[in-house]
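Asks: One file is attached below, final_12.csv, containing CSV, C-alpha atoms and all ligand atoms.
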chain,number,residue,atom,x,y,z
G,1,MET,CA,-19.9,-19.9,-31.8
G,2,SER,CA,-16.5,-18.4,-32.1
G,3,ALA,CA,-15.3,-15.8,-34.6
G,4,THR,CA,-12.1,-14.0,-35.3
G,5,LEU,CA,-11.8,-10.6,-33.6
G,6,THR,CA,-9.8,-8.0,-35.4
G,7,ILE,CA,-9.0,-4.5,-34.0
G,8,ASN,CA,-7.6,-2.0,-36.5
G,9,GLY,CA,-6.1,1.3,-35.5
G,10,LEU,CA,-8.6,1.7,-32.7
G,11,THR,CA,-8.3,5.2,-31.2
G,12,ARG,CA,-10.2,6.9,-28.4
G,13,TRP,CA,-9.4,10.4,-27.4
G,14,TYR,CA,-11.6,11.6,-24.5
G,15,PRO,CA,-12.4,15.3,-24.7
G,16,GLY,CA,-10.2,17.5,-22.6
G,17,THR,CA,-7.3,15.0,-22.3
G,18,GLY,CA,-3.9,15.8,-23.7
G,19,THR,CA,-3.2,12.5,-25.3
G,20,PRO,CA,-5.4,9.7,-26.7
G,21,THR,CA,-6.4,7.1,-24.1
G,22,LEU,CA,-6.1,4.5,-26.9
G,23,ASP,CA,-3.7,5.3,-29.7
G,24,ALA,CA,-4.3,3.3,-32.8
G,25,ILE,CA,-4.2,-0.2,-31.4
G,26,ASP,CA,-4.1,-3.3,-33.6
G,27,LEU,CA,-4.9,-6.7,-32.3
G,28,THR,CA,-6.2,-10.0,-33.7
G,29,VAL,CA,-7.7,-12.8,-31.7
G,30,PRO,CA,-8.2,-15.9,-33.8
G,31,ALA,CA,-11.5,-17.9,-33.6
G,32,ALA,CA,-11.5,-19.9,-30.3
G,33,GLY,CA,-8.3,-18.1,-29.2
G,34,CYS,CA,-7.8,-16.2,-26.0
G,35,ALA,CA,-5.8,-13.0,-25.9
G,36,ALA,CA,-5.2,-11.0,-22.8
G,37,LEU,CA,-4.8,-7.2,-22.7
G,38,LEU,CA,-2.4,-6.7,-19.9
G,39,GLY,CA,-1.5,-3.3,-18.6
G,40,PRO,CA,-1.2,-1.0,-15.5
G,41,SER,CA,-4.2,0.9,-14.2
G,42,GLY,CA,-5.2,3.7,-16.5
G,43,SER,CA,-3.5,2.2,-19.6
G,44,GLY,CA,-6.8,2.0,-21.5
G,45,LYS,CA,-7.7,-1.7,-21.1
G,46,SER,CA,-11.4,-1.2,-20.2
G,47,THR,CA,-11.7,1.6,-22.8
G,48,ALA,CA,-10.6,-1.0,-25.5
G,49,LEU,CA,-13.2,-3.5,-24.3
G,50,ARG,CA,-16.0,-0.9,-24.2
G,51,LEU,CA,-15.2,0.0,-27.8
G,52,VAL,CA,-15.3,-3.7,-28.9
G,53,ALA,CA,-18.6,-4.2,-27.1
G,54,GLY,CA,-20.1,-1.1,-28.7
G,55,LEU,CA,-20.6,0.7,-25.3
G,56,ASP,CA,-18.4,3.6,-26.6
G,57,THR,CA,-17.5,4.9,-30.1
G,58,PRO,CA,-13.9,5.1,-31.4
G,59,ASP,CA,-12.5,8.3,-32.7
G,60,ALA,CA,-10.7,6.3,-35.4
G,61,GLY,CA,-10.1,2.7,-36.3
G,62,GLU,CA,-12.6,-0.2,-36.4
G,63,VAL,CA,-13.5,-3.5,-34.9
G,64,LEU,CA,-14.2,-6.4,-37.2
G,65,ILE,CA,-15.8,-9.7,-36.2
G,66,ASP,CA,-15.1,-12.4,-38.7
G,67,GLY,CA,-13.9,-9.7,-41.1
G,68,ARG,CA,-17.0,-7.6,-40.9
G,69,SER,CA,-17.0,-4.2,-39.4
G,70,VAL,CA,-19.3,-3.7,-36.5
G,71,ALA,CA,-19.3,0.1,-36.7
G,72,GLY,CA,-22.7,1.5,-36.0
G,73,ILE,CA,-24.1,-1.9,-34.7
G,74,PRO,CA,-25.5,-1.5,-31.2
G,75,PRO,CA,-24.0,-3.6,-28.4
G,76,GLU,CA,-27.0,-6.0,-28.2
G,77,ARG,CA,-26.6,-6.9,-31.9
G,78,ARG,CA,-22.8,-7.3,-32.0
G,79,HIS,CA,-22.8,-10.9,-30.7
G,80,THR,CA,-20.3,-9.9,-28.0
G,81,VAL,CA,-20.9,-10.3,-24.3
G,82,LEU,CA,-19.0,-8.4,-21.6
G,83,VAL,CA,-18.4,-9.9,-18.2
G,84,PHE,CA,-17.4,-7.4,-15.5
G,85,GLN,CA,-15.5,-7.6,-12.2
G,86,SER,CA,-18.9,-7.4,-10.4
G,87,PRO,CA,-21.3,-10.1,-11.7
G,88,ARG,CA,-24.3,-7.8,-12.3
G,89,LEU,CA,-26.9,-10.6,-11.9
G,90,PHE,CA,-30.6,-9.8,-11.7
G,91,PRO,CA,-31.4,-10.0,-8.0
G,92,HIS,CA,-35.1,-10.8,-8.4
G,93,LEU,CA,-34.4,-13.8,-10.8
G,94,SER,CA,-33.3,-17.3,-9.8
G,95,VAL,CA,-29.8,-18.5,-10.8
G,96,LEU,CA,-31.5,-20.6,-13.6
G,97,ASP,CA,-33.5,-17.7,-14.9
G,98,ASN,CA,-30.5,-15.4,-14.8
G,99,VAL,CA,-28.7,-17.8,-17.2
G,100,ALA,CA,-31.9,-18.3,-19.2
G,101,PHE,CA,-32.4,-14.6,-19.6
G,102,PRO,CA,-30.4,-14.0,-22.8
G,103,LEU,CA,-32.0,-17.1,-24.4
G,104,ALA,CA,-35.5,-15.8,-23.5
G,105,VAL,CA,-34.6,-12.3,-24.9
G,106,ALA,CA,-33.5,-14.0,-28.1
G,107,GLY,CA,-37.0,-15.5,-28.4
G,108,ALA,CA,-36.5,-19.0,-27.1
G,109,PRO,CA,-39.7,-20.5,-25.5
G,110,ARG,CA,-39.4,-20.6,-21.7
G,111,GLY,CA,-39.0,-24.4,-21.4
G,112,LYS,CA,-36.2,-24.5,-24.1
G,113,ALA,CA,-34.5,-21.5,-22.5
G,114,ARG,CA,-34.4,-23.2,-19.1
G,115,ASP,CA,-33.2,-26.5,-20.6
G,116,ASP,CA,-30.3,-24.7,-22.3
G,117,ALA,CA,-29.6,-22.7,-19.2
G,118,THR,CA,-29.4,-25.9,-17.2
G,119,GLN,CA,-26.7,-27.2,-19.5
G,120,PHE,CA,-24.6,-24.0,-19.1
G,121,LEU,CA,-25.2,-24.1,-15.3
G,122,ASP,CA,-23.9,-27.7,-15.4
G,123,LEU,CA,-20.8,-26.5,-17.3
G,124,VAL,CA,-20.0,-24.1,-14.4
G,125,GLY,CA,-20.8,-26.7,-11.8
G,126,LEU,CA,-23.9,-25.0,-10.3
G,127,THR,CA,-26.9,-27.1,-11.2
G,128,SER,CA,-27.6,-27.7,-7.5
G,129,LEU,CA,-28.0,-23.9,-6.9
G,130,ALA,CA,-30.4,-23.4,-9.9
G,131,HIS,CA,-33.3,-22.2,-7.8
G,132,ARG,CA,-31.3,-19.9,-5.4
G,133,ARG,CA,-31.4,-16.1,-5.6
G,134,PRO,CA,-28.1,-14.4,-6.4
G,135,ALA,CA,-28.0,-12.7,-2.9
G,136,THR,CA,-27.5,-16.2,-1.3
G,137,LEU,CA,-24.4,-17.0,-3.4
G,138,SER,CA,-20.7,-16.5,-2.7
G,139,GLY,CA,-18.7,-14.1,-4.9
G,140,GLY,CA,-17.2,-17.0,-6.8
G,141,GLN,CA,-20.5,-18.7,-7.3
G,142,GLU,CA,-22.0,-15.4,-8.6
G,143,GLN,CA,-19.2,-15.0,-11.1
G,144,ARG,CA,-19.8,-18.6,-12.3
G,145,VAL,CA,-23.4,-17.7,-12.9
G,146,ALA,CA,-22.3,-14.6,-14.8
G,147,LEU,CA,-20.0,-16.7,-17.0
G,148,ALA,CA,-22.8,-19.3,-17.6
G,149,ARG,CA,-25.1,-16.4,-18.6
G,150,ALA,CA,-22.5,-14.9,-20.9
G,151,LEU,CA,-21.9,-18.2,-22.6
G,152,ALA,CA,-25.6,-19.0,-22.9
G,153,ALA,CA,-25.9,-16.0,-25.1
G,154,ARG,CA,-23.5,-17.9,-27.5
G,155,PRO,CA,-21.5,-14.8,-28.2
G,156,ASP,CA,-19.1,-14.6,-31.1
G,157,VAL,CA,-16.6,-12.9,-28.8
G,158,LEU,CA,-16.6,-13.1,-25.0
G,159,LEU,CA,-15.1,-10.0,-23.4
G,160,LEU,CA,-13.9,-10.3,-19.8
G,161,ASP,CA,-13.0,-7.2,-17.9
G,162,GLU,CA,-11.0,-8.2,-14.8
G,163,PRO,CA,-13.6,-10.8,-14.0
G,164,PHE,CA,-11.8,-12.4,-11.1
G,165,SER,CA,-10.0,-9.6,-9.5
G,166,ALA,CA,-12.5,-9.2,-6.7
G,167,LEU,CA,-12.2,-12.8,-5.6
G,168,ASP,CA,-9.8,-14.2,-3.0
G,169,PRO,CA,-6.7,-16.0,-4.4
G,170,THR,CA,-8.1,-19.5,-3.8
G,171,VAL,CA,-11.4,-18.8,-5.5
G,172,ARG,CA,-9.6,-16.9,-8.3
G,173,SER,CA,-7.5,-19.9,-9.0
G,174,GLU,CA,-10.6,-22.1,-9.1
G,175,MET,CA,-12.1,-19.7,-11.6
G,176,HIS,CA,-9.0,-19.9,-13.7
G,177,THR,CA,-9.3,-23.7,-13.8
G,178,LEU,CA,-13.0,-23.3,-14.7
G,179,LEU,CA,-12.2,-20.9,-17.6
G,180,VAL,CA,-9.7,-23.3,-19.0
G,181,GLU,CA,-12.4,-26.1,-18.9
G,182,LEU,CA,-15.0,-23.7,-20.5
G,183,ARG,CA,-12.6,-22.9,-23.2
G,184,ALA,CA,-12.1,-26.6,-24.0
G,185,ALA,CA,-15.9,-27.3,-23.9
G,186,VAL,CA,-17.3,-24.3,-25.7
G,187,GLU,CA,-14.3,-22.8,-27.6
G,188,PRO,CA,-15.3,-19.1,-27.3
G,189,THR,CA,-13.1,-16.4,-28.7
G,190,ILE,CA,-12.0,-14.4,-25.6
G,191,LEU,CA,-10.5,-11.0,-25.1
G,192,LEU,CA,-9.5,-10.8,-21.4
G,193,VAL,CA,-8.5,-7.6,-19.6
G,194,THR,CA,-6.3,-8.0,-16.6
G,195,HIS,CA,-3.5,-6.3,-14.7
G,196,ASP,CA,-2.4,-9.7,-13.3
G,197,GLN,CA,0.5,-11.3,-15.2
G,198,ASN,CA,-0.1,-14.7,-13.7
G,199,GLU,CA,-3.8,-14.6,-14.8
G,200,ALA,CA,-2.7,-13.6,-18.3
G,201,ALA,CA,-0.1,-16.4,-18.3
G,202,VAL,CA,-2.6,-19.1,-17.1
G,203,LEU,CA,-5.5,-18.2,-19.3
G,204,ALA,CA,-4.4,-16.6,-22.5
G,205,ASP,CA,-2.7,-17.9,-25.6
G,206,THR,CA,-1.1,-14.5,-26.3
G,207,VAL,CA,-0.7,-11.4,-24.2
G,208,ALA,CA,-0.9,-7.8,-25.6
G,209,VAL,CA,0.9,-5.4,-23.2
G,210,LEU,CA,-0.9,-2.1,-23.2
G,211,LEU,CA,1.3,0.8,-22.0
G,212,ASP,CA,0.0,4.4,-22.2
G,213,GLY,CA,-2.7,3.5,-24.7
G,214,ARG,CA,-0.4,1.6,-27.1
G,215,ILE,CA,0.3,-2.1,-27.6
G,216,ALA,CA,3.9,-2.3,-26.7
G,217,GLN,CA,4.1,-6.0,-27.6
G,218,HIS,CA,1.7,-8.8,-28.4
G,219,ASP,CA,3.3,-12.2,-28.0
G,220,ARG,CA,3.3,-15.4,-26.1
G,221,ILE,CA,3.9,-14.8,-22.4
G,222,ASP,CA,7.2,-16.7,-22.4
G,223,ARG,CA,8.5,-14.5,-25.2
G,224,LEU,CA,7.3,-11.4,-23.3
G,225,TYR,CA,9.5,-12.5,-20.4
G,226,THR,CA,12.6,-13.6,-22.4
G,227,ARG,CA,12.4,-11.6,-25.6
G,228,PRO,CA,10.9,-8.2,-24.6
G,229,ASP,CA,10.8,-5.7,-27.5
G,230,SER,CA,11.5,-2.8,-25.2
G,231,LEU,CA,12.8,-2.0,-21.7
G,232,ALA,CA,9.3,-0.7,-21.0
G,233,VAL,CA,7.9,-4.2,-21.5
G,234,GLN,CA,10.8,-5.8,-19.7
G,235,GLY,CA,10.3,-3.5,-16.7
G,236,PHE,CA,6.5,-3.9,-16.7
G,237,LEU,CA,6.8,-7.7,-16.5
G,238,GLY,CA,9.2,-7.4,-13.5
G,239,GLY,CA,12.5,-8.1,-15.2
G,240,ARG,CA,15.3,-6.8,-13.0
G,241,ASN,CA,18.4,-7.1,-15.1
G,242,ALA,CA,19.3,-4.6,-17.8
G,243,VAL,CA,22.9,-4.0,-18.7
G,244,ALA,CA,23.8,-1.3,-21.2
G,245,GLY,CA,26.4,-2.1,-23.9
G,246,GLN,CA,26.9,-2.8,-27.5
G,247,VAL,CA,26.0,-5.7,-29.8
G,248,ALA,CA,28.7,-6.9,-32.2
G,249,ASP,CA,29.6,-10.2,-33.8
G,250,GLY,CA,26.6,-12.0,-32.3
G,251,ALA,CA,27.5,-11.1,-28.7
G,252,HIS,CA,26.6,-8.4,-26.2
G,253,HIS,CA,29.7,-6.4,-25.0
G,254,SER,CA,29.5,-4.5,-21.7
G,255,ALA,CA,31.4,-4.2,-18.4
G,256,LEU,CA,30.5,-7.9,-17.9
G,257,GLY,CA,32.6,-8.7,-21.0
G,258,PRO,CA,31.3,-10.4,-24.2
G,259,LEU,CA,28.3,-12.6,-23.7
G,260,GLU,CA,27.1,-14.6,-26.7
G,261,LEU,CA,23.5,-14.0,-27.8
G,262,PRO,CA,21.1,-16.8,-28.9
G,263,ALA,CA,20.8,-17.6,-32.5
G,264,ASP,CA,17.0,-17.7,-32.6
G,265,THR,CA,16.6,-14.0,-32.6
G,266,VAL,CA,17.5,-11.2,-34.9
G,267,ILE,CA,20.4,-9.2,-33.5
G,268,LEU,CA,21.0,-5.6,-34.2
G,269,GLU,CA,24.6,-4.3,-34.3
G,270,GLY,CA,25.0,-1.2,-32.1
G,271,ALA,CA,23.9,0.0,-28.7
G,272,ALA,CA,21.7,-2.4,-26.9
G,273,THR,CA,20.7,-3.5,-23.4
G,274,LEU,CA,21.2,-7.0,-22.3
G,275,VAL,CA,18.3,-8.4,-20.4
G,276,VAL,CA,18.1,-11.8,-18.6
G,277,ARG,CA,15.3,-12.7,-16.2
G,278,GLN,CA,16.4,-13.0,-12.6
G,279,GLU,CA,14.7,-16.4,-12.2
G,280,ALA,CA,16.6,-17.8,-15.2
G,281,ILE,CA,20.0,-17.1,-13.7
G,282,GLY,CA,21.6,-20.0,-11.9
G,283,LEU,CA,23.9,-19.5,-8.9
G,284,VAL,CA,26.8,-21.9,-8.6
G,285,PRO,CA,30.2,-22.1,-6.8
G,286,PRO,CA,32.7,-19.6,-8.3
G,287,SER,CA,34.9,-22.5,-9.6
G,288,ASP,CA,32.0,-24.2,-11.4
G,289,PRO,CA,33.0,-24.5,-15.1
G,290,ARG,CA,29.4,-23.6,-16.1
G,291,ALA,CA,29.7,-20.1,-14.6
G,292,ASP,CA,29.5,-17.4,-17.2
G,293,LEU,CA,30.3,-14.7,-14.6
G,294,VAL,CA,31.8,-14.6,-11.2
G,295,GLY,CA,30.9,-11.9,-8.6
G,296,VAL,CA,30.3,-11.1,-5.0
G,297,VAL,CA,26.9,-11.1,-3.3
G,298,SER,CA,26.0,-7.6,-2.3
G,299,ALA,CA,22.5,-8.0,-0.9
G,300,VAL,CA,20.0,-10.8,-0.2
G,301,SER,CA,16.3,-10.2,0.3
G,302,ALA,CA,13.9,-13.0,1.1
G,303,ARG,CA,10.8,-13.4,-1.0
G,304,GLY,CA,8.9,-16.4,0.3
G,305,PRO,CA,10.7,-19.7,-0.4
G,306,ARG,CA,13.1,-18.0,-2.9
G,307,ALA,CA,15.4,-15.1,-2.2
G,308,GLN,CA,16.5,-12.3,-4.5
G,309,VAL,CA,20.3,-12.3,-4.5
G,310,GLU,CA,22.1,-9.2,-5.8
G,311,VAL,CA,25.5,-10.0,-7.2
G,312,THR,CA,28.1,-7.4,-8.2
G,313,VAL,CA,30.2,-8.4,-11.2
G,314,THR,CA,32.9,-5.9,-12.3
G,315,GLY,CA,30.8,-3.0,-11.0
G,316,VAL,CA,27.6,-4.2,-12.5
G,317,SER,CA,24.7,-5.2,-10.3
G,318,LEU,CA,22.7,-8.3,-11.3
G,319,ILE,CA,19.8,-10.0,-9.6
G,320,ALA,CA,19.3,-13.7,-9.4
G,321,GLU,CA,16.8,-15.8,-7.5
G,322,SER,CA,18.1,-18.5,-5.2
G,323,GLY,CA,16.1,-21.8,-5.0
G,324,PRO,CA,14.7,-23.4,-1.9
G,325,GLY,CA,17.5,-24.6,0.4
G,326,GLU,CA,20.1,-22.4,-1.2
G,327,ARG,CA,21.6,-19.8,1.2
G,328,PHE,CA,23.8,-16.9,0.3
G,329,GLU,CA,25.2,-14.1,2.4
G,330,PRO,CA,26.6,-10.7,1.5
G,331,GLY,CA,30.3,-11.1,0.7
G,332,ASP,CA,30.0,-14.6,-0.7
G,333,ARG,CA,31.7,-15.2,-4.1
G,334,VAL,CA,29.4,-16.9,-6.5
G,335,GLY,CA,29.3,-18.0,-10.1
G,336,MET,CA,26.4,-17.0,-12.3
G,337,VAL,CA,25.0,-19.1,-15.2
G,338,LEU,CA,23.2,-17.1,-17.8
G,339,PRO,CA,21.6,-19.8,-20.1
G,340,LEU,CA,22.1,-18.8,-23.7
G,341,ASP,CA,18.5,-19.1,-24.6
G,342,GLN,CA,17.5,-16.7,-21.8
G,343,ARG,CA,19.7,-13.8,-23.0
G,344,HIS,CA,18.3,-11.1,-25.1
G,345,ALA,CA,19.5,-7.7,-26.3
G,346,VAL,CA,17.0,-4.8,-26.5
G,347,PRO,CA,18.1,-2.2,-29.0
G,348,ALA,CA,18.7,1.2,-27.5
G,349,HIS,CA,16.4,2.9,-29.9
G,350,GLY,CA,12.8,1.7,-30.3
G,351,VAL,CA,11.5,-1.8,-30.2
G,352,GLY,CA,13.3,-5.0,-31.0
G,353,VAL,CA,13.3,-6.2,-34.5
G,354,ARG,CA,11.8,-9.5,-35.5
G,355,PRO,CA,12.3,-11.4,-38.7
G,356,GLN,CA,9.0,-10.1,-40.2
G,357,ASP,CA,10.2,-6.6,-39.5
G,358,GLU,CA,13.5,-6.9,-41.2
G,359,ALA,CA,12.7,-4.3,-43.9
G,360,VAL,CA,12.3,-1.7,-41.1
G,361,ALA,CA,15.8,-2.5,-40.0
G,362,ALA,CA,17.4,-2.0,-43.4
G,363,GLY,CA,19.9,0.8,-42.8
G,364,PRO,CA,23.3,1.4,-41.2
G,365,HIS,CA,22.3,-0.8,-38.2
G,366,ALA,CA,20.4,-3.4,-40.1
G,367,ALA,CA,19.6,-6.8,-38.8
G,368,VAL,CA,22.6,-9.1,-39.2
G,369,ARG,CA,21.2,-12.4,-38.2
G,370,ALA,CA,17.8,-14.1,-38.6
G,371,VAL,CA,17.1,-17.8,-38.0
G,372,PRO,CA,14.0,-19.4,-39.3
G,373,GLY,CA,11.5,-20.5,-36.7
G,374,ASP,CA,11.7,-17.4,-34.6
G,375,GLY,CA,8.7,-15.0,-34.2
W,401,LIG,N1,-15.5,8.6,-20.1
W,401,LIG,C1,-14.3,9.0,-19.9
W,401,LIG,N2,-14.0,10.3,-20.0
W,401,LIG,C2,-12.7,10.8,-19.8
W,401,LIG,N3,-11.7,10.0,-19.5
W,401,LIG,C3,-11.9,8.7,-19.4
W,401,LIG,C4,-13.2,8.1,-19.5
W,401,LIG,N4,-13.1,6.8,-19.4
W,401,LIG,C5,-11.8,6.5,-19.1
W,401,LIG,N5,-11.1,7.7,-19.1
W,401,LIG,C6,-9.7,7.8,-18.8
W,401,LIG,O1,-9.0,6.9,-19.7
W,401,LIG,C7,-7.9,6.4,-19.1
W,401,LIG,C8,-7.9,4.8,-19.3
W,401,LIG,O2,-9.0,4.3,-18.5
W,401,LIG,P1,-9.4,2.8,-18.6
W,401,LIG,O3,-10.5,2.5,-17.6
W,401,LIG,O4,-9.6,2.3,-20.0
W,401,LIG,O5,-8.0,2.1,-18.1
W,401,LIG,P2,-7.7,0.7,-17.5
W,401,LIG,O6,-6.4,0.3,-18.1
W,401,LIG,O7,-8.9,-0.2,-17.7
W,401,LIG,O8,-7.5,1.0,-15.9
W,401,LIG,P3,-8.0,0.1,-14.6
W,401,LIG,O9,-7.1,-1.1,-14.7
W,401,LIG,O10,-7.7,1.0,-13.5
W,401,LIG,O11,-9.4,-0.2,-14.8
W,401,LIG,C9,-7.9,6.8,-17.6
W,401,LIG,O12,-7.0,7.9,-17.4
W,401,LIG,C10,-9.3,7.2,-17.4
W,401,LIG,O13,-9.4,8.2,-16.4
What would the structure in this file look like if it were written as structure tokens?

Replies:
Amino acid sequence: MSATLTINGLTRWYPGTGTPTLDAIDLTVPAAGCAALLGPSGSGKSTALRLVAGLDTPDAGEVLIDGRSVAGIPPERRHTVLVFQSPRLFPHLSVLDNVAFPLAVAGAPRGKARDDATQFLDLVGLTSLAHRRPATLSGGQEQRVALARALAARPDVLLLDEPFSALDPTVRSEMHTLLVELRAAVEPTILLVTHDQNEAAVLADTVAVLLDGRIAQHDRIDRLYTRPDSLAVQGFLGGRNAVAGQVADGAHHSALGPLELPADTVILEGAATLVVRQEAIGLVPPSDPRADLVGVVSAVSARGPRAQVEVTVTGVSLIAESGPGERFEPGDRVGMVLPLDQRHAVPAHGVGVRPQDEAVAAGPHAAVRAVPGDG
């Protein structure tokens, strides 16, 4: 019951707004895959889901399910189901009949619809509540019913619009576990909208970062963290270190001195910003031979069990995270280890260049190094 979802050049320009809310976005979610659309409030995430679901009409571009355009097909015939932040259950129906509803609408006899619904309730762990009314359920239980109802409709594509953001952290985490189990059991194709990076990381195979109506980067979450295409993506994902400089001879040159760049990426010669995640930097004694840099602690701020440690190195401020039990004070001299595979250079102009994009880079600042296996 899963299908490939393809979004081509999808554009939505609400009347009276100066710029399009969605500006020609492209996105593919393979059958049984899960992609997250991650972006700040107002970036156009819900607009994209509404267009895929058929609740709104694009100004340009198209949505394809298994290669077939769904333009002009009404929502109820698209084989997509949208689950919202609020469960939107039918209050006058039992839990079981809520889940059986899409089956009954599709023409299944009452007994068959209820049998099927029982199986989906079992999948979400709620068979014991089958005869309750929604008003007697907790928020997490209601959302479980909403998921069971959505899956019972056997959609080609399951669309989730911030489905867990109203739940408290413990219940949200239980719902994440449930969704991982549902994926394994039913293998739906999922497009998930969220503004929560952790949720995207836990649930999705790939994450499309939506900034100002454009997909800034669609990648695995680990690559979004360590290989951002732009400083906008790096900053949105909370990266704190960005050092301006130049790339030459496979290294980044700045006030920090030359720092070799990893070989598993294409490196552009020219102006580029070095980025390294704060949690990837190791703090060691200044005499430690592993230290790539030595500096002086300029500030320490506690963040739960870890602290953010600001270190000044030849006038450049870098942030690292100390581990549990490590204590640093302003004025301490420290060594910093910047693991080679965690370093990345973001070209000063435009997005980063990947192997598949090499043709774009042909020019005076063309890509100088590409290693198979990347991207
Ligand atoms: N029907 C509409 N008419 C005019 N503008 C709209 C309409 N729907 C949404 N917008 C605008 O489009 C922009 C994107 O809205 P959208 O709800 O898609 O963003 P979002 O990323 O889902 O945000 P949030 O995380 O806050 O839900 C917002 O500026 C919003 O005000």

Asks: Set out as JSON lines a contact list for chain G and ligand LIG 401 (chain W) with a cut-off of 7 Å, giving each residue of chain G that qualifies its closest atom pair and distance in Å to one decimal, counting all atoms listed in the file, ordered by chain and rising residue number.

Replies:
{"residue": "G:Tyr14", "atom": "CA", "partner": "W:LIG401", "partner_atom": "C2", "distance": 4.9}
{"residue": "G:Pro15", "atom": "CA", "partner": "W:LIG401", "partner_atom": "C2", "distance": 6.7}
{"residue": "G:Thr21", "atom": "CA", "partner": "W:LIG401", "partner_atom": "O1", "distance": 5.1}
{"residue": "G:Gly39", "atom": "CA", "partner": "W:LIG401", "partner_atom": "O6", "distance": 6.1}
{"residue": "G:Pro40", "atom": "CA", "partner": "W:LIG401", "partner_atom": "O9", "distance": 6.0}
{"residue": "G:Ser41", "atom": "CA", "partner": "W:LIG401", "partner_atom": "O9", "distance": 3.6}
{"residue": "G:Gly42", "atom": "CA", "partner": "W:LIG401", "partner_atom": "O8", "distance": 3.6}
{"residue": "G:Ser43", "atom": "CA", "partner": "W:LIG401", "partner_atom": "O6", "distance": 3.8}
{"residue": "G:Gly44", "atom": "CA", "partner": "W:LIG401", "partner_atom": "O4", "distance": 3.2}
{"residue": "G:Lys45", "atom": "CA", "partner": "W:LIG401", "partner_atom": "O6", "distance": 3.8}
{"residue": "G:Ser46", "atom": "CA", "partner": "W:LIG401", "partner_atom": "O7", "distance": 3.7}
{"residue": "G:Thr47", "atom": "CA", "partner": "W:LIG401", "partner_atom": "O4", "distance": 3.6}
{"residue": "G:Ala48", "atom": "CA", "partner": "W:LIG401", "partner_atom": "O4", "distance": 6.5}
{"residue": "G:His195", "atom": "CA", "partner": "W:LIG401", "partner_atom": "O9", "distance": 6.3}

Asks: At a cut-off of 10 Å around the point (-28.4, -18.1, -18.6) (file coordinates), what residues fall inside when counting only C-alpha atoms? I'd like the answer as a count of residues only.

Replies: 28

Asks: Find the distance between atom CA of Val300 of chain G and atom CA of Val243 of chain G and write it in Å to one decimal.

Replies: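 It comes out at 19.9 Å.
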
Asks: Please return the centre and edge lengths, in Å to one decimal, of a box with edges along x, y and z that contains all listed atoms of segment 7-21 of chain G, widened by 8 Å on every side, as JSON.

Replies:
{"center_x": -7.8, "center_y": 6.5, "center_z": -29.4, "size_x": 25.2, "size_y": 38.0, "size_z": 30.2}

Asks: Could you check the closest approach to Ala36 of chain G for each of G:Arg144, G:Asp219, G:Ala71, G:His252 and tell me which residue wins, using all atoms listed in the file?

Replies: G:Asp219

Asks: With distances taken over only C-alpha atoms, which of G:Leu167, G:Val29, G:Val247, G:Ala280 is nearest to Tyr225 of chain G?

Replies: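 So, comparing all the options, the nearest one is G:Ala280.
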
Asks: Using all atoms listed in the file, which of the listed residues (G:Leu93, G:Leu274, G:Ala166, G:Leu5) sits closest to Glu62 of chain G?

Replies: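 Checking each of G:Leu93, G:Leu274, G:Ala166, G:Leu5 against Glu62 of chain G, counting all atoms listed in the file, the winner is G:Leu5.
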
Asks: Would you please work out which residue, of G:Glu174, G:Asp59, G:Asp341, G:Glu321, is nearest to Arg227 of chain G when using only C-alpha atoms?

Replies: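 Checking each of G:Glu174, G:Asp59, G:Asp341, G:Glu321 against Arg227 of chain G, counting only C-alpha atoms, the winner is G:Asp341.
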
Asks: Tell me which of G:Gly331, G:Pro58, G:Pro109, G:Gly323 sits closest to Pro305 of chain G, counting all atoms listed in the file.

Replies: G:Gly323

Asks: To one decimal in Å, tell me the separation between atom CA of Val297 of chain G and atom CA of Arg333 of chain G.

Replies: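 Atom-to-atom, atom CA of Val297 of chain G and atom CA of Arg333 of chain G are spaced 6.4 Å apart.
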
Asks: Please identify all polymer residues within 6 Å of segment 308-314 of chain G, counting all atoms listed in the file, omitting same-chain residues fewer than 5 positions from it, and present them as a PyMOL selection string.

Replies: chain G and resi 295-301+319-321

Asks: Which is closest to Ile190 of chain G among G:Thr57, G:Thr80, G:Thr19, G:Thr177, if we use all atoms listed in the file?

Replies: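 Looking only at the distances to Ile190 of chain G, the closest residue turns out to be G:Thr80.
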
Asks: Show me the residues close to (29.1, -3.9, -21.3) - anything with an atom within 7 Å, counting only C-alpha atoms - and format the list as a list in words.

Replies: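 Using only C-alpha atoms, the matching residues come out as Val243, Ala244, Gly245, Gln246, His253, Ser254, Ala255, Leu256 and Gly257 of chain G.
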
Asks: Kindly save the residues from that selection, with C-alpha atoms included, as an mmCIF file, keeping the file's coordinate frame.

Replies:
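Full text of out-v9.cif as output:
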data_model
loop_
_atom_site.group_PDB
_atom_site.id
_atom_site.type_symbol
_atom_site.label_atom_id
_atom_site.label_comp_id
_atom_site.auth_asym_id
_atom_site.auth_seq_id
_atom_site.Cartn_x
_atom_site.Cartn_y
_atom_site.Cartn_z
ATOM 1 C CA VAL G 243 22.900 -4.000 -18.700
ATOM 2 C CA ALA G 244 23.800 -1.300 -21.200
ATOM 3 C CA GLY G 245 26.400 -2.100 -23.900
ATOM 4 C CA GLN G 246 26.900 -2.800 -27.500
ATOM 5 C CA HIS G 253 29.700 -6.400 -25.000
ATOM 6 C CA SER G 254 29.500 -4.500 -21.700
ATOM 7 C CA ALA G 255 31.400 -4.200 -18.400
ATOM 8 C CA LEU G 256 30.500 -7.900 -17.900
ATOM 9 C CA GLY G 257 32.600 -8.700 -21.000
#
